[in-house]
file input-v3.txt (compact mmCIF, C-alpha atoms and all ligand atoms)
# COMPACT_ATOMS: atom_id res chain seq x y z
CA MET A 1 43.41 17.69 -56.87
CA LYS A 2 42.40 16.48 -53.41
CA ARG A 3 41.76 12.82 -52.69
CA VAL A 4 39.59 12.66 -49.60
CA GLY A 5 38.64 9.49 -47.73
CA MET A 6 35.59 9.55 -45.47
CA LEU A 7 34.13 7.17 -42.90
CA THR A 8 31.55 7.08 -40.13
CA SER A 9 32.37 4.92 -37.14
CA GLY A 10 30.73 3.81 -33.88
CA GLY A 11 27.04 4.04 -32.99
CA ASP A 12 25.20 6.08 -35.59
CA CYS A 13 23.21 9.22 -34.86
CA GLN A 14 21.21 11.88 -36.63
CA ALA A 15 23.01 14.43 -38.87
CA LEU A 16 25.94 12.20 -39.90
CA ASN A 17 24.76 12.60 -43.48
CA ALA A 18 24.26 16.35 -43.01
CA ALA A 19 27.86 16.68 -41.77
CA MET A 20 29.32 14.68 -44.69
CA ARG A 21 27.22 16.70 -47.11
CA GLY A 22 28.64 19.87 -45.54
CA VAL A 23 32.21 18.71 -46.17
CA VAL A 24 31.50 17.70 -49.75
CA LYS A 25 29.50 20.83 -50.60
CA CYS A 26 32.39 22.98 -49.42
CA LEU A 27 34.89 20.97 -51.48
CA VAL A 28 32.72 20.83 -54.59
CA ASN A 29 32.06 24.58 -54.41
CA SER A 30 35.78 25.31 -54.35
CA LYS A 31 37.86 25.50 -57.52
CA GLU A 32 39.80 22.44 -56.40
CA LYS A 33 39.18 19.12 -58.15
CA VAL A 34 38.21 16.46 -55.61
CA GLU A 35 37.82 12.71 -55.45
CA ILE A 36 35.82 11.28 -52.55
CA TYR A 37 36.43 7.76 -51.28
CA GLY A 38 33.66 6.59 -48.96
CA PHE A 39 34.76 3.68 -46.75
CA ILE A 40 31.95 1.28 -45.87
CA ASP A 41 31.04 0.43 -42.27
CA GLY A 42 33.59 2.59 -40.52
CA TYR A 43 37.20 1.53 -39.91
CA LYS A 44 36.32 -1.93 -41.25
CA GLY A 45 36.06 -0.41 -44.74
CA LEU A 46 39.47 1.21 -44.38
CA ILE A 47 41.05 -1.98 -43.00
CA TYR A 48 39.72 -4.25 -45.75
CA GLY A 49 39.80 -1.67 -48.56
CA ASN A 50 36.03 -1.64 -48.97
CA PHE A 51 35.09 1.73 -50.43
CA ARG A 52 32.89 3.50 -52.96
CA MET A 53 33.85 6.43 -55.15
CA LEU A 54 31.37 9.21 -54.47
CA ASP A 55 30.58 12.53 -56.05
CA GLY A 56 28.43 15.54 -55.24
CA ARG A 57 25.28 13.73 -56.41
CA ASP A 58 25.65 11.06 -53.71
CA PHE A 59 25.34 13.78 -51.10
CA SER A 60 22.34 15.45 -52.63
CA GLY A 61 19.06 15.02 -50.73
CA ILE A 62 20.65 13.57 -47.59
CA LEU A 63 20.55 16.64 -45.35
CA THR A 64 17.40 15.41 -43.64
CA LYS A 65 18.18 11.69 -43.64
CA GLY A 66 19.08 9.90 -40.41
CA GLY A 67 21.67 7.10 -40.23
CA THR A 68 24.72 7.19 -42.47
CA ILE A 69 24.95 6.54 -46.20
CA LEU A 70 28.34 4.90 -45.56
CA GLY A 71 27.22 2.47 -42.86
CA SER A 72 28.96 2.20 -39.51
CA SER A 73 30.42 -0.36 -37.13
CA ARG A 74 32.06 -0.45 -33.75
CA THR A 75 35.78 -1.22 -33.77
CA PRO A 76 36.95 -0.80 -30.19
CA PHE A 77 40.35 0.75 -29.73
CA LYS A 78 41.27 -2.04 -27.31
CA THR A 79 41.41 -4.46 -30.19
CA ILE A 80 42.41 -2.19 -33.06
CA LYS A 81 46.10 -2.83 -32.34
CA ASP A 82 45.57 -6.62 -32.21
CA PRO A 83 45.66 -8.57 -35.46
CA ASP A 84 42.31 -9.78 -36.85
CA GLU A 85 41.36 -13.47 -36.91
CA ASN A 86 43.52 -13.98 -40.03
CA GLY A 87 46.55 -12.34 -38.48
CA LEU A 88 46.13 -9.05 -40.35
CA ASP A 89 47.64 -6.02 -38.60
CA LYS A 90 44.69 -3.63 -38.73
CA VAL A 91 46.61 -0.40 -38.26
CA ASP A 92 49.07 -1.40 -40.92
CA ALA A 93 46.23 -2.37 -43.26
CA MET A 94 44.57 1.03 -42.80
CA LYS A 95 47.84 2.80 -43.55
CA GLN A 96 48.46 0.68 -46.63
CA ASN A 97 45.00 1.39 -48.04
CA TYR A 98 45.41 5.10 -47.34
CA TYR A 99 48.72 5.20 -49.21
CA LYS A 100 47.57 2.86 -51.99
CA LEU A 101 44.70 5.25 -52.80
CA ARG A 102 47.11 8.19 -52.47
CA LEU A 103 44.68 9.95 -50.15
CA ASP A 104 45.43 13.51 -49.06
CA CYS A 105 43.40 13.04 -45.91
CA LEU A 106 40.73 11.10 -44.09
CA VAL A 107 37.57 12.69 -42.68
CA ILE A 108 36.41 10.59 -39.73
CA LEU A 109 33.03 11.11 -38.08
CA GLY A 110 32.65 9.52 -34.68
CA GLY A 111 32.53 9.58 -30.92
CA ASN A 112 34.96 8.65 -28.19
CA GLY A 113 36.25 5.27 -29.37
CA THR A 114 36.48 6.57 -32.92
CA HIS A 115 38.61 9.51 -31.79
CA LYS A 116 41.13 7.26 -30.05
CA THR A 117 41.67 5.39 -33.30
CA ALA A 118 41.68 8.61 -35.32
CA ASN A 119 44.42 9.99 -33.09
CA LEU A 120 46.38 6.76 -33.41
CA LEU A 121 46.23 7.10 -37.20
CA ARG A 122 47.40 10.71 -36.86
CA GLU A 123 50.34 9.54 -34.76
CA GLU A 124 51.08 7.02 -37.51
CA GLY A 125 51.45 9.93 -39.93
CA LEU A 126 48.05 10.06 -41.69
CA ASN A 127 46.30 13.38 -42.33
CA ILE A 128 43.13 13.29 -40.25
CA ILE A 129 40.17 15.63 -39.73
CA THR A 130 37.37 14.51 -37.41
CA LEU A 131 33.82 15.60 -36.74
CA PRO A 132 32.15 15.08 -33.34
CA LYS A 133 29.09 12.87 -33.56
CA THR A 134 27.25 11.31 -30.67
CA ILE A 135 23.90 11.53 -28.97
CA ASP A 136 25.82 11.31 -25.67
CA ASN A 137 27.54 14.72 -26.04
CA ASP A 138 30.46 13.28 -24.08
CA LEU A 139 33.32 14.25 -26.39
CA TRP A 140 36.06 16.32 -24.85
CA GLY A 141 36.98 19.59 -26.57
CA THR A 142 33.54 20.53 -27.86
CA ASP A 143 30.56 22.01 -26.06
CA MET A 144 28.19 20.20 -28.41
CA THR A 145 28.13 17.14 -30.62
CA PHE A 146 25.69 16.59 -33.47
CA GLY A 147 22.99 14.02 -32.79
CA PHE A 148 22.61 15.23 -29.23
CA GLN A 149 19.82 17.78 -29.79
CA SER A 150 17.86 15.36 -31.99
CA ALA A 151 18.14 12.69 -29.30
CA VAL A 152 17.01 15.17 -26.63
CA ASN A 153 13.91 15.85 -28.76
CA ILE A 154 13.08 12.14 -28.97
CA ALA A 155 13.67 11.49 -25.27
CA VAL A 156 11.50 14.50 -24.44
CA ASP A 157 8.73 13.22 -26.72
CA ALA A 158 8.83 9.96 -24.75
CA ILE A 159 8.63 11.78 -21.41
CA ASP A 160 5.78 13.96 -22.71
CA CYS A 161 3.81 10.88 -23.72
CA ILE A 162 4.49 9.21 -20.38
CA HIS A 163 3.22 12.28 -18.53
CA THR A 164 -0.34 11.89 -19.74
CA THR A 165 -0.63 8.18 -19.04
CA ALA A 166 1.16 8.54 -15.67
CA ALA A 167 -1.34 11.24 -14.69
CA SER A 168 -4.35 9.14 -15.79
CA HIS A 169 -3.25 6.12 -13.76
CA GLY A 170 -1.51 7.82 -10.87
CA ARG A 171 1.67 5.84 -11.41
CA VAL A 172 5.38 6.29 -10.92
CA PHE A 173 7.16 6.13 -14.27
CA ILE A 174 10.83 5.67 -15.03
CA VAL A 175 11.96 6.77 -18.50
CA GLU A 176 15.40 5.28 -19.15
CA VAL A 177 17.49 7.58 -21.31
CA MET A 178 20.64 6.68 -23.28
CA GLY A 179 23.95 8.45 -22.76
CA HIS A 180 26.41 5.65 -22.01
CA LYS A 181 28.53 6.74 -19.01
CA VAL A 182 27.39 10.37 -18.91
CA GLY A 183 24.22 12.24 -18.02
CA TRP A 184 23.96 15.08 -20.57
CA LEU A 185 21.08 13.55 -22.48
CA THR A 186 19.10 12.60 -19.36
CA LEU A 187 19.71 15.93 -17.70
CA ASN A 188 18.53 17.96 -20.69
CA ALA A 189 15.64 15.67 -21.60
CA GLY A 190 14.62 15.47 -17.94
CA ILE A 191 14.47 19.24 -17.52
CA ALA A 192 12.72 19.75 -20.88
CA GLY A 193 10.24 16.97 -20.13
CA GLY A 194 9.43 18.25 -16.65
CA ALA A 195 10.77 15.17 -14.84
CA ASP A 196 10.49 15.25 -11.05
CA ILE A 197 13.60 13.16 -10.45
CA ILE A 198 16.71 12.97 -12.65
CA LEU A 199 19.35 10.32 -12.01
CA ILE A 200 22.68 10.54 -13.82
CA PRO A 201 25.97 8.60 -13.52
CA GLU A 202 27.89 11.65 -12.27
CA ILE A 203 25.63 12.01 -9.20
CA PRO A 204 25.14 8.62 -7.50
CA TYR A 205 21.66 8.33 -6.00
CA ASP A 206 20.32 7.14 -2.68
CA VAL A 207 17.12 5.09 -3.07
CA LYS A 208 15.84 6.49 0.21
CA LYS A 209 16.08 10.04 -1.18
CA VAL A 210 14.29 8.97 -4.36
CA VAL A 211 11.51 7.40 -2.32
CA SER A 212 11.16 10.42 -0.05
CA LYS A 213 10.75 12.70 -3.10
CA ILE A 214 7.94 10.44 -4.36
CA ARG A 215 6.27 10.49 -0.92
CA GLU A 216 6.63 14.26 -0.72
CA ARG A 217 4.88 14.57 -4.10
CA ASN A 218 2.09 12.23 -3.04
CA GLU A 219 1.57 14.18 0.17
CA SER A 220 1.34 17.44 -1.75
CA GLY A 221 -1.44 15.95 -3.90
CA SER A 222 0.48 14.95 -7.05
CA ARG A 223 -0.93 11.78 -8.54
CA PHE A 224 2.21 10.69 -10.32
CA THR A 225 6.00 11.00 -10.44
CA ILE A 226 8.25 10.93 -13.49
CA LEU A 227 11.87 9.86 -13.22
CA ALA A 228 14.36 10.42 -16.05
CA VAL A 229 17.05 7.83 -15.38
CA ALA A 230 20.28 7.61 -17.34
CA GLU A 231 21.15 4.11 -18.53
CA GLY A 232 24.46 4.58 -16.68
CA ALA A 233 22.93 5.86 -13.42
CA ILE A 234 24.44 4.31 -10.32
CA SER A 235 23.36 4.10 -6.68
CA LYS A 236 25.57 5.44 -3.91
CA GLU A 237 25.97 1.86 -2.68
CA ASP A 238 27.19 0.60 -6.06
CA ALA A 239 29.43 3.62 -6.51
CA LYS A 240 31.35 2.47 -3.41
CA LEU A 241 32.16 -0.91 -4.97
CA SER A 242 35.51 -1.46 -6.61
CA LYS A 243 35.47 -2.02 -10.38
CA LYS A 244 35.99 -5.75 -9.76
CA GLU A 245 33.16 -5.99 -7.20
CA TYR A 246 30.80 -4.08 -9.50
CA LYS A 247 31.66 -6.35 -12.41
CA GLU A 248 30.97 -9.36 -10.19
CA LYS A 249 27.58 -7.93 -9.16
CA MET A 250 26.64 -7.28 -12.79
CA LYS A 251 27.55 -10.87 -13.74
CA ASN A 252 24.61 -12.18 -11.74
CA TYR A 253 22.35 -9.19 -12.35
CA LYS A 254 18.75 -10.31 -12.78
CA PHE A 255 17.45 -6.98 -14.14
CA PRO A 256 17.75 -5.84 -17.78
CA SER A 257 19.07 -2.49 -16.52
CA VAL A 258 19.39 -0.34 -13.42
CA SER A 259 15.95 1.22 -14.10
CA TYR A 260 14.21 -2.10 -13.45
CA GLU A 261 16.07 -2.67 -10.18
CA LEU A 262 15.15 0.85 -9.09
CA ALA A 263 11.51 0.29 -10.10
CA GLN A 264 11.42 -2.84 -7.93
CA GLN A 265 12.95 -0.98 -4.99
CA ILE A 266 10.48 1.91 -5.29
CA GLN A 267 7.54 -0.47 -5.58
CA ASP A 268 8.67 -2.43 -2.51
CA LYS A 269 9.21 0.69 -0.43
CA THR A 270 6.14 2.71 -1.45
CA GLY A 271 3.57 0.20 -2.66
CA GLU A 272 3.17 2.44 -5.74
CA GLU A 273 2.63 1.01 -9.21
CA VAL A 274 5.92 1.62 -11.04
CA ARG A 275 6.48 1.22 -14.77
CA VAL A 276 9.65 1.47 -16.86
CA THR A 277 9.81 2.83 -20.42
CA VAL A 278 12.95 2.51 -22.52
CA PRO A 279 12.96 4.56 -25.75
CA GLY A 280 16.37 2.95 -26.49
CA HIS A 281 17.70 3.24 -30.01
CA THR A 282 14.78 5.39 -31.17
CA GLN A 283 16.87 8.17 -29.59
CA ARG A 284 19.45 7.66 -32.33
CA GLY A 285 17.02 7.26 -35.18
CA GLY A 286 14.99 9.32 -37.62
CA SER A 287 15.68 12.73 -39.12
CA PRO A 288 18.04 15.22 -37.53
CA CYS A 289 16.29 18.17 -35.87
CA PRO A 290 16.84 21.61 -37.46
CA TYR A 291 19.49 22.50 -34.85
CA ASP A 292 21.55 19.44 -35.79
CA ARG A 293 21.09 20.07 -39.51
CA VAL A 294 22.52 23.57 -39.14
CA PHE A 295 25.19 22.54 -36.65
CA ALA A 296 26.45 19.51 -38.61
CA SER A 297 26.41 21.51 -41.88
CA ARG A 298 28.51 24.25 -40.28
CA LEU A 299 31.05 21.79 -38.86
CA GLY A 300 31.18 19.95 -42.18
CA ALA A 301 31.79 23.16 -44.12
CA GLU A 302 34.60 24.17 -41.75
CA ALA A 303 36.15 20.70 -42.11
CA GLY A 304 36.01 21.17 -45.89
CA GLU A 305 37.82 24.47 -45.54
CA LEU A 306 40.57 22.90 -43.42
CA ILE A 307 41.06 20.28 -46.12
CA LEU A 308 41.37 22.97 -48.78
CA LYS A 309 43.98 24.72 -46.65
CA GLY A 310 45.78 21.44 -45.95
CA GLU A 311 45.40 21.79 -42.17
CA TYR A 312 45.15 18.39 -40.54
CA GLY A 313 45.20 16.75 -37.13
CA PHE A 314 42.09 18.48 -35.79
CA MET A 315 38.58 17.78 -34.64
CA VAL A 316 36.20 20.50 -35.77
CA GLY A 317 34.35 21.35 -32.57
CA TYR A 318 32.28 24.08 -30.96
CA LYS A 319 33.36 26.27 -28.06
CA ASN A 320 31.73 29.39 -26.66
CA ARG A 321 29.41 29.71 -29.66
CA GLU A 322 32.23 29.49 -32.19
CA VAL A 323 33.28 26.64 -34.47
CA VAL A 324 36.88 25.86 -33.55
CA LYS A 325 39.62 23.39 -34.49
CA VAL A 326 40.81 21.29 -31.58
CA PRO A 327 44.08 19.29 -31.78
CA LEU A 328 43.18 15.60 -31.89
CA GLU A 329 45.63 14.68 -29.14
CA GLU A 330 43.61 16.90 -26.76
CA VAL A 331 40.36 15.10 -27.58
CA ALA A 332 41.32 11.43 -27.65
CA GLY A 333 40.79 9.35 -24.54
CA LYS A 334 38.95 11.94 -22.45
CA LEU A 335 35.31 11.98 -21.42
CA LYS A 336 33.28 15.19 -21.01
CA MET A 337 31.07 14.52 -18.00
CA VAL A 338 28.45 16.59 -16.20
CA SER A 339 30.01 18.25 -13.18
CA PRO A 340 27.81 17.84 -10.10
CA ASP A 341 28.67 21.51 -9.44
CA ALA A 342 27.54 22.69 -12.90
CA THR A 343 25.06 25.55 -12.80
CA ILE A 344 22.58 23.49 -14.84
CA VAL A 345 22.44 21.00 -11.95
CA LYS A 346 21.97 23.80 -9.43
CA GLU A 347 19.23 25.35 -11.56
CA ALA A 348 17.46 22.01 -11.94
CA LYS A 349 17.51 21.67 -8.15
CA LEU A 350 16.11 25.21 -7.84
CA LEU A 351 13.26 24.02 -10.05
CA GLY A 352 12.52 21.35 -7.46
CA ILE A 353 14.03 18.43 -9.37
CA SER A 354 15.62 15.79 -7.14
CA PHE A 355 18.86 14.05 -8.12
CA GLY A 356 18.44 11.54 -5.32
CA ASP A 357 21.69 12.76 -3.71
O1 LIG B 401 27.09 6.16 -27.88
C1 LIG B 401 25.78 6.18 -28.34
C2 LIG B 401 24.96 5.11 -27.67
O2 LIG B 401 23.66 5.17 -28.21
C3 LIG B 401 24.94 5.17 -26.15
O3 LIG B 401 24.07 6.15 -25.67
C4 LIG B 401 24.54 3.76 -25.83
O4 LIG B 401 25.00 3.40 -24.54
C5 LIG B 401 25.24 2.96 -26.89
O5 LIG B 401 25.48 3.85 -27.96
C6 LIG B 401 24.44 1.78 -27.40
O6 LIG B 401 25.28 1.07 -28.25
P1 LIG B 401 24.81 -0.05 -29.28
O7 LIG B 401 24.17 0.64 -30.43
O8 LIG B 401 26.06 -0.73 -29.64
O9 LIG B 401 23.82 -0.91 -28.55
call {"tool": "encode", "arguments": {"input": "input-v3.txt", "output": "structure tokens"}}
result
Amino acid sequence: MKRVGMLTSGGDCQALNAAMRGVVKCLVNSKEKVEIYGFIDGYKGLIYGNFRMLDGRDFSGILTKGGTILGSSRTPFKTIKDPDENGLDKVDAMKQNYYKLRLDCLVILGGNGTHKTANLLREEGLNIITLPKTIDNDLWGTDMTFGFQSAVNIAVDAIDCIHTTAASHGRVFIVEVMGHKVGWLTLNAGIAGGADIILIPEIPYDVKKVVSKIRERNESGSRFTILAVAEGAISKEDAKLSKKEYKEKMKNYKFPSVSYELAQQIQDKTGEEVRVTVPGHTQRGGSPCPYDRVFASRLGAEAGELILKGEYGFMVGYKNREVVKVPLEEVAGKLKMVSPDATIVKEAKLLGISFGD
């Protein structure tokens, strides 16, 4: 008999359900008897003992469903060690619930913050298996995370739609793409959507270079320019500020995001009509794309197999086209960023895309 706890934590994304279904299908198809404890709303469910007993039927028909059947919440690592408002030690509470239910292991699906907490629980002696979810694709130790390809599709749809209206009106358009502090989503969506300028956090931009690319396009007869701008993009000027100075600047920031400040600057310098489009959380919503369905199912199945073998303390990731197990301590606390020297950046530049650097 295996008693398996499961939770989804952090911002949701497509294919969370597909991944959980993969784990459960593998377990149910084995000869082992299993009990599944689904904790509600991420670590909160584990802290406060809020769970549902699930069986194979709960995972039927969810392969194509976005979101998470378990619900999710953000519990930042910074505060996980602090007691809650009633003085409850959260880590202790999670351990107590784990032992009270006599769980053999916990399957945790999440991104960066989630992995820090998962590793902490591993250090505290719990058996943990994690699965890498995030539209940002910024998890260390895996070439790919599920949710990412679905989000690329949605961001590309937005850029495609903007192309036609930008061409009709001869406008400059900024499409602001999610991705938190990294540029994977913007870079891939920008290339796939045929953006002329791509701005990502890893390559600080110079407004003058952005403007000169727009002028160059106008002079060569193009009626419009499309910019794919990461929500975390940063100008060279801002990149020079200390953390404290940048925080201070953002305190009095009058724009909803960097895209709007950039739009204003471009408009002032070129006299062009500039518009900003923010697909926002649509990038995390809806059904997983076929790639993510396959990918998340594969990772889920491999996680199920690790549970059957009793091998714990790993994230099931993807490296060099193979599903691999990565020790949790190697994953936690590190960010996988785009290297400015990556060949994908070089190739994008060869395609004529400007990074404003
Ligand atoms: O990590 C996924 C993500 O969608 C980021 O791309 C984005 O910065 C953040 O979550 C948004 O978080 P929230 O859903 O809390 O607004």
call {"tool": "residues_near_ligand", "arguments": {"input": "input-v3.txt", "ligand": "ligand LIG 401 (chain B)", "cutoff": "8 Å", "atoms": "only C-alpha atoms and all ligand atoms", "output": "PyMOL selection string"}}
result
chain A and resi 10-13+74+111+134-136+178-181+231-232+280-281+283-284
call {"tool": "write_last_selection", "arguments": {"input": "input-v3.txt", "atoms": "C-alpha atoms", "output": "PDB file, keeping the file's coordinate frame"}}
result
ATOM      1  CA  GLY A  10      30.730   3.810 -33.880  1.00  0.00           C
ATOM      2  CA  GLY A  11      27.040   4.040 -32.990  1.00  0.00           C
ATOM      3  CA  ASP A  12      25.200   6.080 -35.590  1.00  0.00           C
ATOM      4  CA  CYS A  13      23.210   9.220 -34.860  1.00  0.00           C
ATOM      5  CA  ARG A  74      32.060  -0.450 -33.750  1.00  0.00           C
ATOM      6  CA  GLY A 111      32.530   9.580 -30.920  1.00  0.00           C
ATOM      7  CA  THR A 134      27.250  11.310 -30.670  1.00  0.00           C
ATOM      8  CA  ILE A 135      23.900  11.530 -28.970  1.00  0.00           C
ATOM      9  CA  ASP A 136      25.820  11.310 -25.670  1.00  0.00           C
ATOM     10  CA  MET A 178      20.640   6.680 -23.280  1.00  0.00           C
ATOM     11  CA  GLY A 179      23.950   8.450 -22.760  1.00  0.00           C
ATOM     12  CA  HIS A 180      26.410   5.650 -22.010  1.00  0.00           C
ATOM     13  CA  LYS A 181      28.530   6.740 -19.010  1.00  0.00           C
ATOM     14  CA  GLU A 231      21.150   4.110 -18.530  1.00  0.00           C
ATOM     15  CA  GLY A 232      24.460   4.580 -16.680  1.00  0.00           C
ATOM     16  CA  GLY A 280      16.370   2.950 -26.490  1.00  0.00           C
ATOM     17  CA  HIS A 281      17.700   3.240 -30.010  1.00  0.00           C
ATOM     18  CA  GLN A 283      16.870   8.170 -29.590  1.00  0.00           C
ATOM     19  CA  ARG A 284      19.450   7.660 -32.330  1.00  0.00           C
TER      20      ARG A 284
END
call {"tool": "residues_around", "arguments": {"input": "input-v3.txt", "residues": "Asn86 in chain A", "least_positions_apart": "4", "cutoff": "12 Å", "atoms": "all atoms listed in the file", "output": "MDAnalysis selection string"}}
result
chainID A and resid 48 82 90
call {"tool": "write_last_selection", "arguments": {"input": "input-v3.txt", "atoms": "C-alpha atoms", "output": "CSV table (one decimal), in the coordinates of the input"}}
result
chain,number,residue,atom,x,y,z
A,48,TYR,CA,39.7,-4.2,-45.8
A,82,ASP,CA,45.6,-6.6,-32.2
A,90,LYS,CA,44.7,-3.6,-38.7
call {"tool": "atom_distance", "arguments": {"input": "input-v3.txt", "atom1": "CA of Gly56 in chain A", "atom2": "CA of Asn137 in chain A"}}
result
29.2 Å
call {"tool": "closest_atom_pairs", "arguments": {"input": "input-v3.txt", "of": "range 117-172 of chain A", "to": "range 254-273 of chain A", "cutoff": "12 Å", "atoms": "all atoms listed in the file", "output": "JSON lines"}}
result
{"residue": "A:Ala166", "atom": "CA", "partner": "A:Glu273", "partner_atom": "CA", "distance": 10.0}
{"residue": "A:His169", "atom": "CA", "partner": "A:Glu273", "partner_atom": "CA", "distance": 9.0}
{"residue": "A:Gly170", "atom": "CA", "partner": "A:Glu273", "partner_atom": "CA", "distance": 8.1}
{"residue": "A:Arg171", "atom": "CA", "partner": "A:Glu273", "partner_atom": "CA", "distance": 5.4}
{"residue": "A:Val172", "atom": "CA", "partner": "A:Glu273", "partner_atom": "CA", "distance": 6.2}
call {"tool": "closest_residue", "arguments": {"input": "input-v3.txt", "among": "A:Arg122, A:Lys247, A:Arg102, A:Arg217", "to": "Tyr312 in chain A", "atoms": "only C-alpha atoms"}}
result
A:Arg122
call {"tool": "closest_residue", "arguments": {"input": "input-v3.txt", "among": "A:Leu106, A:Ile191, A:Ile203, A:Ala155", "to": "Asp341 in chain A", "atoms": "all atoms listed in the file"}}
result
A:Ile203
call {"tool": "closest_residue", "arguments": {"input": "input-v3.txt", "among": "A:Met337, A:Ala342, A:Val4, A:Ala19", "to": "Leu139 in chain A", "atoms": "only C-alpha atoms"}}
result
A:Met337
call {"tool": "atom_distance", "arguments": {"input": "input-v3.txt", "atom1": "CA of Gly42 in chain A", "atom2": "CA of Leu109 in chain A"}}
result
8.9 Å
call {"tool": "residues_around", "arguments": {"input": "input-v3.txt", "residues": "Ala296 in chain A", "least_positions_apart": "3", "cutoff": "10 Å", "atoms": "all atoms listed in the file", "output": "list in words"}}
result
Gln14, Ala15, Leu16, Asn17, Ala18, Ala19, Met20, Arg21, Gly22, Val23, Leu63, Leu131, Pro132, Lys133, Thr145, Phe146, Gly147, Pro288, Pro290, Tyr291, Asp292, Arg293, Leu299, Gly300, Ala301 and Glu302 of chain A
call {"tool": "atom_distance", "arguments": {"input": "input-v3.txt", "atom1": "CA of Asp58 in chain A", "atom2": "CA of Met94 in chain A"}}
result
24.0 Å
call {"tool": "residues_around", "arguments": {"input": "input-v3.txt", "residues": "range 29-37 of chain A", "least_positions_apart": "2", "cutoff": "12 Å", "atoms": "all atoms listed in the file", "output": "ChimeraX atom specification"}}
result
/A:1-7,20-27,39-40,45-46,49-59,70,97-98,101-108,301,304-305,307-309
call {"tool": "residues_near_point", "arguments": {"input": "input-v3.txt", "point": "(11.8, 21.4, -13.3)", "cutoff": "12 Å", "atoms": "all atoms listed in the file", "output": "ChimeraX atom specification"}}
result
/A:187-198,226-228,344-355
call {"tool": "residues_around", "arguments": {"input": "input-v3.txt", "residues": "Pro327 in chain A", "least_positions_apart": "3", "cutoff": "10 Å", "atoms": "only C-alpha atoms", "output": "ChimeraX atom specification"}}
result
/A:119,129-130,141,312-317,324,330-332
call {"tool": "closest_residue", "arguments": {"input": "input-v3.txt", "among": "A:Val229, A:Cys161, A:Thr79, A:Val326", "to": "Leu306 in chain A", "atoms": "only C-alpha atoms"}}
result
A:Val326
call {"tool": "build_atoms", "arguments": {"input": "input-v3.txt", "residues": "range 77-88 of chain A", "atoms": "N, CA and C atoms", "output": "CSV table (one decimal), keeping the file's coordinate frame"}}
result
chain,number,residue,atom,x,y,z
A,77,PHE,N,38.9,0.4,-29.7
A,77,PHE,CA,40.4,0.8,-29.7
A,77,PHE,C,41.2,-0.4,-29.1
A,78,LYS,N,40.6,-1.0,-28.0
A,78,LYS,CA,41.3,-2.0,-27.3
A,78,LYS,C,41.8,-3.1,-28.3
A,79,THR,N,41.0,-3.4,-29.3
A,79,THR,CA,41.4,-4.5,-30.2
A,79,THR,C,42.0,-4.0,-31.5
A,80,ILE,N,42.0,-2.7,-31.7
A,80,ILE,CA,42.4,-2.2,-33.1
A,80,ILE,C,43.9,-2.5,-33.3
A,81,LYS,N,44.7,-2.6,-32.2
A,81,LYS,CA,46.1,-2.8,-32.3
A,81,LYS,C,46.4,-4.3,-32.5
A,82,ASP,N,45.4,-5.2,-32.1
A,82,ASP,CA,45.6,-6.6,-32.2
A,82,ASP,C,45.3,-7.0,-33.6
A,83,PRO,N,46.0,-8.1,-34.1
A,83,PRO,CA,45.7,-8.6,-35.5
A,83,PRO,C,44.2,-9.1,-35.5
A,84,ASP,N,43.6,-9.2,-36.7
A,84,ASP,CA,42.3,-9.8,-36.8
A,84,ASP,C,42.4,-11.3,-36.8
A,85,GLU,N,41.3,-12.0,-37.0
A,85,GLU,CA,41.4,-13.5,-36.9
A,85,GLU,C,42.3,-14.1,-38.0
A,86,ASN,N,42.6,-13.4,-39.0
A,86,ASN,CA,43.5,-14.0,-40.0
A,86,ASN,C,45.0,-13.5,-39.9
A,87,GLY,N,45.2,-12.8,-38.7
A,87,GLY,CA,46.6,-12.3,-38.5
A,87,GLY,C,46.9,-11.0,-39.1
A,88,LEU,N,45.9,-10.3,-39.7
A,88,LEU,CA,46.1,-9.0,-40.4
A,88,LEU,C,46.3,-7.9,-39.3
